[in-house]
file input-v4.txt (compact mmCIF, C-alpha atoms and all ligand atoms)
# COMPACT_ATOMS: atom_id res chain seq x y z
CA MET A 1 -14.53 21.73 0.02
CA LYS A 2 -11.62 21.88 2.44
CA GLU A 3 -12.05 19.65 5.52
CA LYS A 4 -12.36 21.26 8.94
CA VAL A 5 -10.40 19.54 11.67
CA GLU A 6 -13.25 19.93 14.18
CA ASN A 7 -15.50 17.82 11.92
CA LEU A 8 -13.30 14.74 12.14
CA ASP A 9 -14.13 11.87 14.49
CA TRP A 10 -10.62 10.44 15.03
CA ASN A 11 -11.86 7.15 16.48
CA ASN A 12 -14.18 6.42 13.58
CA LEU A 13 -12.24 7.42 10.50
CA GLY A 14 -12.75 5.18 7.49
CA PHE A 15 -10.31 4.89 4.61
CA GLU A 16 -11.63 7.94 2.81
CA TYR A 17 -10.56 11.17 1.15
CA HIS A 18 -10.67 14.44 3.11
CA ASP A 19 -9.56 17.54 1.26
CA LEU A 20 -6.78 18.97 3.46
CA PRO A 21 -5.32 22.49 3.36
CA TYR A 22 -2.06 21.65 1.57
CA ASP A 23 -0.86 19.44 -1.27
CA PHE A 24 2.54 19.46 -2.97
CA GLU A 25 3.16 19.70 -6.69
CA ALA A 26 6.15 19.68 -9.03
CA LYS A 27 6.20 19.64 -12.83
CA TYR A 28 8.57 18.15 -15.34
CA LYS A 29 8.88 20.22 -18.50
CA ASP A 30 11.56 21.33 -20.97
CA GLY A 31 13.53 18.22 -20.02
CA GLU A 32 13.84 18.86 -16.28
CA TRP A 33 12.01 18.77 -12.98
CA GLN A 34 10.99 22.27 -11.98
CA PRO A 35 11.19 23.15 -8.25
CA GLY A 36 8.05 21.89 -6.49
CA GLU A 37 6.04 23.66 -3.82
CA LEU A 38 3.18 23.35 -1.38
CA THR A 39 -0.14 24.36 -2.90
CA THR A 40 -3.69 24.87 -1.63
CA ARG A 41 -4.97 23.55 -4.98
CA SER A 42 -6.18 19.96 -4.67
CA SER A 43 -7.07 19.43 -8.32
CA VAL A 44 -5.14 19.01 -11.57
CA GLU A 45 -6.15 20.50 -14.90
CA LEU A 46 -5.55 18.28 -17.90
CA SER A 47 -5.80 18.48 -21.68
CA VAL A 48 -8.47 16.13 -23.09
CA ALA A 49 -5.57 14.46 -24.90
CA ALA A 50 -3.42 14.02 -21.76
CA GLU A 51 -1.39 10.81 -21.81
CA VAL A 52 -2.69 9.61 -18.43
CA LEU A 53 -6.33 9.74 -19.55
CA HIS A 54 -5.86 7.45 -22.53
CA TYR A 55 -2.75 5.39 -22.08
CA GLY A 56 -2.63 5.21 -18.28
CA GLN A 57 0.85 6.60 -17.67
CA GLU A 58 0.54 6.87 -13.89
CA VAL A 59 2.45 5.65 -10.85
CA PHE A 60 1.70 6.19 -7.19
CA GLU A 61 2.79 5.45 -3.66
CA GLY A 62 1.14 5.09 -0.26
CA LEU A 63 2.77 5.81 3.10
CA LYS A 64 1.66 7.01 6.51
CA ALA A 65 2.63 9.57 9.15
CA TYR A 66 2.10 8.36 12.73
CA ARG A 67 1.52 10.53 15.82
CA ARG A 68 3.75 9.39 18.66
CA LYS A 69 2.92 9.50 22.37
CA ASP A 70 5.27 12.50 22.80
CA GLY A 71 3.35 14.39 20.11
CA LYS A 72 6.09 14.11 17.47
CA ILE A 73 5.35 12.57 14.08
CA ASN A 74 7.02 9.49 12.57
CA LEU A 75 7.42 8.45 8.97
CA PHE A 76 8.17 4.79 8.26
CA ARG A 77 10.92 4.06 5.69
CA PRO A 78 9.80 6.83 3.28
CA GLU A 79 12.96 6.45 1.18
CA LEU A 80 11.78 2.97 0.19
CA ASN A 81 8.54 4.44 -1.19
CA ALA A 82 10.62 7.00 -3.09
CA GLU A 83 12.85 4.27 -4.52
CA ARG A 84 9.91 2.08 -5.47
CA MET A 85 8.32 5.02 -7.25
CA VAL A 86 11.52 5.40 -9.29
CA ASP A 87 11.30 1.71 -10.26
CA SER A 88 7.58 2.01 -11.10
CA ALA A 89 8.25 5.13 -13.20
CA GLU A 90 11.03 3.43 -15.15
CA ARG A 91 8.77 0.47 -15.91
CA MET A 92 6.10 2.86 -17.19
CA MET A 93 8.55 4.89 -19.34
CA MET A 94 8.16 7.97 -17.12
CA VAL A 95 10.83 10.36 -15.85
CA PRO A 96 11.44 9.41 -12.18
CA TYR A 97 11.05 11.97 -9.44
CA PRO A 98 14.30 12.22 -7.39
CA VAL A 99 14.36 10.22 -4.13
CA ASP A 100 15.55 13.06 -1.87
CA ALA A 101 13.02 15.50 -3.32
CA PHE A 102 10.26 12.91 -2.75
CA VAL A 103 11.12 12.46 0.95
CA ASP A 104 11.48 16.21 1.44
CA ALA A 105 8.10 16.86 -0.22
CA VAL A 106 6.40 14.23 1.96
CA LYS A 107 7.77 15.96 5.07
CA GLN A 108 6.57 19.34 3.84
CA VAL A 109 3.04 17.99 3.31
CA VAL A 110 2.96 16.40 6.77
CA LYS A 111 4.18 19.59 8.46
CA ALA A 112 1.80 21.82 6.54
CA ASN A 113 -1.18 19.60 7.52
CA GLU A 114 0.12 18.77 10.99
CA GLU A 115 -3.22 19.34 12.80
CA PHE A 116 -4.71 16.56 10.61
CA VAL A 117 -2.26 13.91 11.86
CA PRO A 118 -4.61 11.90 14.11
CA PRO A 119 -3.91 11.89 17.87
CA TYR A 120 -1.83 9.10 19.43
CA GLY A 121 -3.93 6.22 20.69
CA THR A 122 -6.71 6.43 18.09
CA GLY A 123 -5.06 3.87 15.82
CA ALA A 124 -5.50 6.32 12.96
CA SER A 125 -2.76 7.95 10.86
CA LEU A 126 -2.20 10.46 8.08
CA TYR A 127 -2.09 8.64 4.73
CA LEU A 128 0.09 10.22 2.05
CA ARG A 129 -0.51 9.58 -1.61
CA PRO A 130 2.32 10.73 -3.87
CA PHE A 131 1.56 10.15 -7.55
CA MET A 132 2.87 11.07 -10.95
CA ILE A 133 1.04 11.40 -14.27
CA GLY A 134 1.97 11.93 -17.90
CA THR A 135 0.31 15.20 -18.91
CA SER A 136 1.39 15.90 -22.52
CA SER A 137 -1.24 15.81 -25.24
CA VAL A 138 -0.73 12.71 -27.35
CA VAL A 139 -2.79 10.82 -29.89
CA GLY A 140 -0.37 8.06 -30.85
CA VAL A 141 0.82 5.62 -28.19
CA THR A 142 4.10 7.18 -27.10
CA PRO A 143 5.43 8.26 -23.65
CA ALA A 144 4.61 11.75 -22.39
CA THR A 145 7.25 14.49 -22.39
CA ASP A 146 5.64 16.44 -19.52
CA TYR A 147 4.77 15.09 -16.07
CA THR A 148 3.14 16.25 -12.86
CA PHE A 149 4.25 14.89 -9.48
CA HIS A 150 1.67 15.58 -6.77
CA ILE A 151 1.10 14.53 -3.14
CA TYR A 152 -2.15 14.67 -1.24
CA ALA A 153 -2.71 13.64 2.36
CA THR A 154 -5.81 12.35 4.15
CA PRO A 155 -6.39 11.09 7.71
CA VAL A 156 -7.38 7.39 7.74
CA GLY A 157 -8.49 4.62 10.05
CA ALA A 158 -8.42 0.89 9.27
CA TYR A 159 -8.50 -0.21 5.61
CA VAL A 160 -9.89 -3.66 6.35
CA ASN A 161 -10.99 -4.66 9.83
CA GLY A 162 -8.06 -3.99 12.15
CA LEU A 163 -6.78 -7.15 13.82
CA ASN A 164 -10.16 -8.86 13.33
CA PRO A 165 -9.96 -11.69 10.80
CA SER A 166 -11.93 -11.39 7.56
CA PRO A 167 -13.11 -13.96 5.02
CA TYR A 168 -11.44 -13.87 1.58
CA THR A 169 -12.03 -15.61 -1.72
CA VAL A 170 -9.79 -16.29 -4.73
CA SER A 171 -10.19 -14.39 -8.00
CA GLU A 172 -10.67 -16.26 -11.26
CA TYR A 173 -9.25 -13.18 -13.09
CA ASP A 174 -5.76 -11.68 -12.95
CA ARG A 175 -4.72 -8.22 -11.74
CA ALA A 176 -1.44 -8.20 -13.65
CA SER A 177 -0.16 -10.38 -16.46
CA TYR A 178 2.86 -12.68 -16.49
CA ALA A 179 5.89 -10.49 -17.31
CA GLY A 180 3.51 -7.53 -17.10
CA THR A 181 3.39 -4.57 -14.72
CA GLY A 182 2.62 -6.36 -11.44
CA GLN A 183 5.80 -5.10 -9.74
CA ALA A 184 4.96 -1.47 -10.55
CA LYS A 185 2.53 0.58 -8.49
CA THR A 186 0.54 1.79 -11.49
CA SER A 187 -3.16 2.51 -11.83
CA GLY A 188 -3.88 -0.17 -14.46
CA ASN A 189 -3.16 -2.97 -11.98
CA TYR A 190 -5.82 -1.55 -9.68
CA ALA A 191 -8.32 -0.92 -12.46
CA SER A 192 -8.06 -4.58 -13.44
CA SER A 193 -8.61 -5.68 -9.83
CA LEU A 194 -11.91 -3.78 -9.42
CA PHE A 195 -14.12 -6.38 -11.09
CA SER A 196 -12.79 -9.23 -8.95
CA SER A 197 -12.99 -7.18 -5.77
CA ALA A 198 -16.58 -6.13 -6.47
CA LYS A 199 -17.53 -9.76 -7.11
CA ALA A 200 -15.87 -10.81 -3.84
CA HIS A 201 -17.74 -8.09 -1.92
CA GLN A 202 -21.06 -9.12 -3.50
CA GLU A 203 -20.42 -12.68 -2.33
CA GLY A 204 -19.77 -11.49 1.23
CA TYR A 205 -15.96 -11.56 1.28
CA ALA A 206 -13.68 -8.76 2.45
CA ASP A 207 -11.65 -9.10 -0.75
CA CYS A 208 -9.98 -11.61 -3.06
CA LEU A 209 -6.57 -13.18 -3.45
CA PHE A 210 -5.00 -13.30 -6.92
CA LEU A 211 -3.14 -16.36 -8.16
CA ASP A 212 -0.08 -16.27 -10.42
CA PRO A 213 -1.17 -15.20 -13.91
CA ARG A 214 0.73 -17.90 -15.82
CA GLU A 215 -0.57 -21.10 -14.23
CA HIS A 216 -3.13 -20.05 -11.60
CA LYS A 217 -1.31 -22.48 -9.35
CA TYR A 218 0.62 -20.27 -6.92
CA VAL A 219 -0.49 -17.60 -4.45
CA ASP A 220 0.34 -14.09 -5.73
CA GLU A 221 -1.19 -11.33 -3.58
CA PHE A 222 -4.30 -9.36 -2.72
CA GLY A 223 -5.37 -6.33 -4.76
CA GLY A 224 -3.78 -3.97 -2.23
CA ALA A 225 -1.57 -6.09 0.01
CA ASN A 226 0.93 -8.99 -0.03
CA PHE A 227 0.11 -12.41 1.49
CA PHE A 228 1.83 -14.26 4.33
CA GLY A 229 1.24 -17.57 6.02
CA ILE A 230 2.62 -19.04 9.24
CA THR A 231 3.23 -22.78 9.01
CA LYS A 232 2.24 -25.15 11.79
CA GLU A 233 5.97 -25.29 12.62
CA GLY A 234 5.98 -21.50 13.06
CA GLN A 235 7.74 -20.47 9.83
CA PHE A 236 6.85 -17.12 8.20
CA VAL A 237 6.23 -17.76 4.49
CA THR A 238 5.49 -15.16 1.82
CA PRO A 239 5.20 -15.65 -1.95
CA LYS A 240 8.08 -14.92 -4.29
CA SER A 241 6.60 -13.87 -7.60
CA GLU A 242 7.46 -11.60 -10.54
CA SER A 243 3.90 -10.27 -10.73
CA ILE A 244 3.46 -8.84 -7.22
CA LEU A 245 4.30 -5.48 -5.67
CA PRO A 246 7.50 -5.54 -3.57
CA SER A 247 5.75 -4.49 -0.35
CA ILE A 248 7.68 -2.40 2.17
CA THR A 249 5.59 -3.89 5.00
CA LYS A 250 6.58 -7.35 3.74
CA ARG A 251 10.26 -6.43 3.68
CA SER A 252 9.93 -5.11 7.25
CA LEU A 253 8.08 -8.20 8.51
CA LEU A 254 10.70 -10.49 6.96
CA GLN A 255 13.23 -8.73 9.19
CA LEU A 256 11.02 -8.80 12.31
CA ALA A 257 10.17 -12.47 11.71
CA LYS A 258 13.89 -13.28 11.40
CA ASP A 259 14.65 -11.55 14.69
CA GLN A 260 11.84 -13.48 16.34
CA GLY A 261 13.22 -16.82 15.14
CA LEU A 262 10.40 -17.44 12.67
CA ASP A 263 12.89 -18.56 9.99
CA PRO A 264 11.18 -16.43 7.28
CA VAL A 265 11.24 -17.48 3.66
CA GLU A 266 10.15 -15.92 0.35
CA ARG A 267 9.35 -18.68 -2.10
CA PRO A 268 6.68 -19.72 -4.59
CA VAL A 269 3.65 -20.82 -2.56
CA PRO A 270 1.44 -23.37 -4.35
CA PHE A 271 -2.21 -22.68 -3.51
CA ASP A 272 -2.53 -26.36 -2.54
CA GLU A 273 -0.26 -25.61 0.42
CA VAL A 274 -2.47 -23.02 2.10
CA ASP A 275 -4.08 -25.76 4.16
CA GLN A 276 -0.75 -26.18 5.88
CA PHE A 277 -0.75 -22.65 7.27
CA ALA A 278 -1.83 -22.26 10.87
CA GLU A 279 -2.26 -18.49 10.37
CA ALA A 280 -2.47 -16.21 7.33
CA GLY A 281 -2.69 -12.51 6.69
CA ALA A 282 -2.58 -9.58 4.30
CA MET A 283 0.20 -7.02 4.81
CA GLY A 284 0.61 -3.52 3.48
CA THR A 285 0.64 0.15 4.45
CA ALA A 286 -3.14 0.49 4.31
CA ALA A 287 -3.87 -3.08 5.43
CA VAL A 288 -1.13 -3.04 8.13
CA ILE A 289 -1.54 -6.72 9.08
CA SER A 290 -5.06 -7.94 8.40
CA PRO A 291 -5.62 -11.54 9.49
CA VAL A 292 -7.17 -13.84 6.91
CA GLY A 293 -9.85 -15.81 8.77
CA SER A 294 -10.71 -18.02 5.82
CA LEU A 295 -9.97 -18.45 2.13
CA THR A 296 -12.65 -19.94 -0.10
CA TYR A 297 -11.73 -21.36 -3.52
CA GLU A 298 -13.62 -23.69 -5.85
CA GLY A 299 -16.21 -24.43 -3.20
CA LYS A 300 -13.66 -25.34 -0.54
CA LYS A 301 -13.20 -23.16 2.54
CA HIS A 302 -9.81 -23.13 4.24
CA VAL A 303 -10.08 -21.80 7.79
CA PHE A 304 -6.86 -20.58 9.39
CA TYR A 305 -6.34 -19.92 13.11
CA SER A 306 -9.87 -18.69 13.76
CA GLU A 307 -12.55 -16.78 11.90
CA THR A 308 -13.04 -14.42 14.83
CA GLU A 309 -9.67 -14.03 16.52
CA ALA A 310 -6.16 -13.22 15.29
CA GLY A 311 -3.54 -15.93 15.80
CA PRO A 312 -0.67 -15.51 18.28
CA VAL A 313 2.14 -15.08 15.72
CA THR A 314 0.12 -12.60 13.65
CA THR A 315 -0.69 -10.62 16.81
CA LYS A 316 2.94 -10.59 17.93
CA LEU A 317 4.17 -9.36 14.53
CA TYR A 318 1.39 -6.74 14.42
CA ASN A 319 2.30 -5.38 17.85
CA GLU A 320 5.98 -5.25 16.97
CA LEU A 321 5.44 -3.47 13.64
CA VAL A 322 2.83 -1.00 14.87
CA GLY A 323 4.88 -0.40 18.05
CA ILE A 324 7.85 0.71 15.93
CA GLN A 325 5.69 2.81 13.59
CA TYR A 326 4.10 4.78 16.46
CA GLY A 327 7.38 5.05 18.36
CA ASP A 328 6.21 2.85 21.28
CA ARG A 329 8.97 0.27 20.80
CA PRO A 330 12.69 0.60 20.15
CA ASP A 331 13.62 0.93 16.48
CA PRO A 332 16.98 -0.87 16.18
CA TYR A 333 16.71 -0.76 12.38
CA ASN A 334 16.37 3.04 12.12
CA TRP A 335 13.20 2.61 10.09
CA THR A 336 11.46 5.68 11.46
CA GLN A 337 12.24 9.34 10.85
CA THR A 338 10.66 12.16 12.81
CA VAL A 339 9.19 14.90 10.67
N1 LIG B 401 0.49 -5.12 -2.93
C1 LIG B 401 -0.27 -4.20 -3.54
C2 LIG B 401 -0.92 -4.55 -4.80
C3 LIG B 401 -0.42 -2.93 -2.94
O1 LIG B 401 -1.18 -2.00 -3.52
C4 LIG B 401 0.22 -2.65 -1.71
C5 LIG B 401 0.09 -1.34 -1.09
O2 LIG B 401 0.90 -0.47 -1.24
C6 LIG B 401 1.00 -3.66 -1.13
C7 LIG B 401 1.12 -4.88 -1.76
C8 LIG B 401 1.73 -3.41 0.14
O3 LIG B 401 2.86 -2.62 -0.07
P1 LIG B 401 3.43 -1.71 1.10
O4 LIG B 401 3.68 -2.61 2.24
O5 LIG B 401 4.67 -1.13 0.53
O6 LIG B 401 2.39 -0.70 1.39
C1 LIG B 402 -1.34 1.15 0.31
O1 LIG B 402 -1.36 0.27 1.16
O2 LIG B 402 -0.72 2.21 0.50
C2 LIG B 402 -2.00 0.99 -0.98
O3 LIG B 402 -1.67 1.70 -1.88
C3 LIG B 402 -3.07 0.00 -1.11
C4 LIG B 402 -4.32 0.61 -1.66
C5 LIG B 402 -5.16 -0.50 -2.15
C6 LIG B 402 -5.04 1.44 -0.66
call {"tool": "encode", "arguments": {"input": "input-v4.txt", "output": "structure tokens", "more": "lines below"}}
Ligand code: PLP
Ligand code: COI
result
Amino acid sequence: MKEKVENLDWNNLGFEYHDLPYDFEAKYKDGEWQPGELTTRSSVELSVAAEVLHYGQEVFEGLKAYRRKDGKINLFRPELNAERMVDSAERMMMVPYPVDAFVDAVKQVVKANEEFVPPYGTGASLYLRPFMIGTSSVVGVTPATDYTFHIYATPVGAYVNGLNPSPYTVSEYDRASYAGTGQAKTSGNYASSLFSSAKAHQEGYADCLFLDPREHKYVDEFGGANFFGITKEGQFVTPKSESILPSITKRSLLQLAKDQGLDPVERPVPFDEVDQFAEAGAMGTAAVISPVGSLTYEGKKHVFYSETEAGPVTTKLYNELVGIQYGDRPDPYNWTQTV
């Protein structure tokens, strides 16, 4: 059932699906991408033998549209989502969707659903979920020849707990394998994280951190966000690993941290070192910056700045990032585009 705008409580939105008036869809067949268009259809019909159902040929993206104080709408670095989707598609043997067409389609979806972009000041935003699936009927394991690219949008609030710190644990399982698909935004990585996440929730944690899949010695990332730590000397540190998603929020924070003199570095982060971080957090489009209050592993609990209050560096980076996204602060990097 299509959502009615008057039924939404902007200040109390969860991270949930609302069926909005318009989606976008384009199909790849006969060896080329057909022109895409807005559609009121928010479902896809598939053959029982469709590639995606059996062999998981799927890639997706996540980005947000932000309502500014002047009523206009910002997108944040959408071309990087488009480029990452090309990389993910290539890794999954899919035909990439063109970057310019991706950005244009995102803008069309935002405009068509404009009344569902949450008001400025609510902290909420319109989440966009572009995805692509292999649709041909196959029995043997071989790439699809037909694809569907689709975008849906849904208004969202906080994914974790805003700027309030949460407790995390460490997974004993992996989300992606060594030399596997960890750098691609593909459904299988998320399917394999579900068990660990559910276990973490049952034990009272907000979520779990994954370690590197080869040695279980280094910090990799969370199931839906990259990790950062701030050393006692004030350095911004984030893991360098072949099995994590190249986060756009991470790339942006590396720049902001540099400009704030936090001497940022991407390097392998041995788990043994987490005790040396004065602050820690999860970063991503959905997570924004979610402070990690504590990290529990093998019976030992590492507490960072505080279990109830975000640290000063985390707060500063959060305000800077969110300020640019909502158009409250200058954007010297030209990261935002108005729709
Ligand atoms: N890592 C994983 C596994 C994710 O799913 C996400 C979310 O997209 C991120 C990191 C953060 O990436 P980004 O900042 O581009 O949203
Ligand atoms: C995002 O941040 O956009 C993601 O895709 C993460 C997902 C776990 C919600």
call {"tool": "residues_near_ligand", "arguments": {"input": "input-v4.txt", "ligand": "ligand LIG 401 (chain B)", "cutoff": "8 Å", "atoms": "all atoms listed in the file", "output": "PyMOL selection string"}}
result
chain A and resi 61-63+81+182+185+189-190+221-226+244-251+283-288
call {"tool": "closest_residue", "arguments": {"input": "input-v4.txt", "among": "A:Val322, A:Leu295, A:Val339, A:Leu46", "to": "A:Gly121", "atoms": "all atoms listed in the file"}}
result
A:Val322
call {"tool": "closest_residue", "arguments": {"input": "input-v4.txt", "among": "A:Asp9, A:Asp207, A:Glu172, A:Asp30", "to": "ligand LIG 402 (chain B)", "atoms": "only C-alpha atoms and all ligand atoms"}}
result
A:Asp207
call {"tool": "atom_distance", "arguments": {"input": "input-v4.txt", "atom1": "atom CA of A:Thr315", "atom2": "atom CA of A:Phe236"}}
result
13.2 Å
call {"tool": "closest_residue", "arguments": {"input": "input-v4.txt", "among": "A:Glu242, A:Glu266, A:Glu215, A:Glu45", "to": "A:Phe228", "atoms": "all atoms listed in the file"}}
result
A:Glu266
call {"tool": "closest_atom_pairs", "arguments": {"input": "input-v4.txt", "of": "stretch 176-244 of chain A", "to": "stretch 147-168 of chain A", "cutoff": "7 Å", "atoms": "only C-alpha atoms", "output": "tab-separated table"}}
result
residue	atom	partner	partner_atom	distance
A:Tyr205	CA	A:Tyr168	CA	5.1
A:Ala206	CA	A:Tyr168	CA	5.6
A:Asp207	CA	A:Tyr168	CA	5.3
A:Cys208	CA	A:Tyr168	CA	5.4
call {"tool": "axis_aligned_box", "arguments": {"input": "input-v4.txt", "around": "ligand LIG 402 (chain B)", "padding_each_side": "8 Å", "output": "JSON"}}
result
{"center_x": -2.9, "center_y": 0.9, "center_z": -0.5, "size_x": 20.4, "size_y": 18.7, "size_z": 19.3}
call {"tool": "closest_residue", "arguments": {"input": "input-v4.txt", "among": "A:Lys64, A:His54, A:Lys300, A:Lys29", "to": "ligand LIG 402 (chain B)", "atoms": "all atoms listed in the file"}}
result
A:Lys64
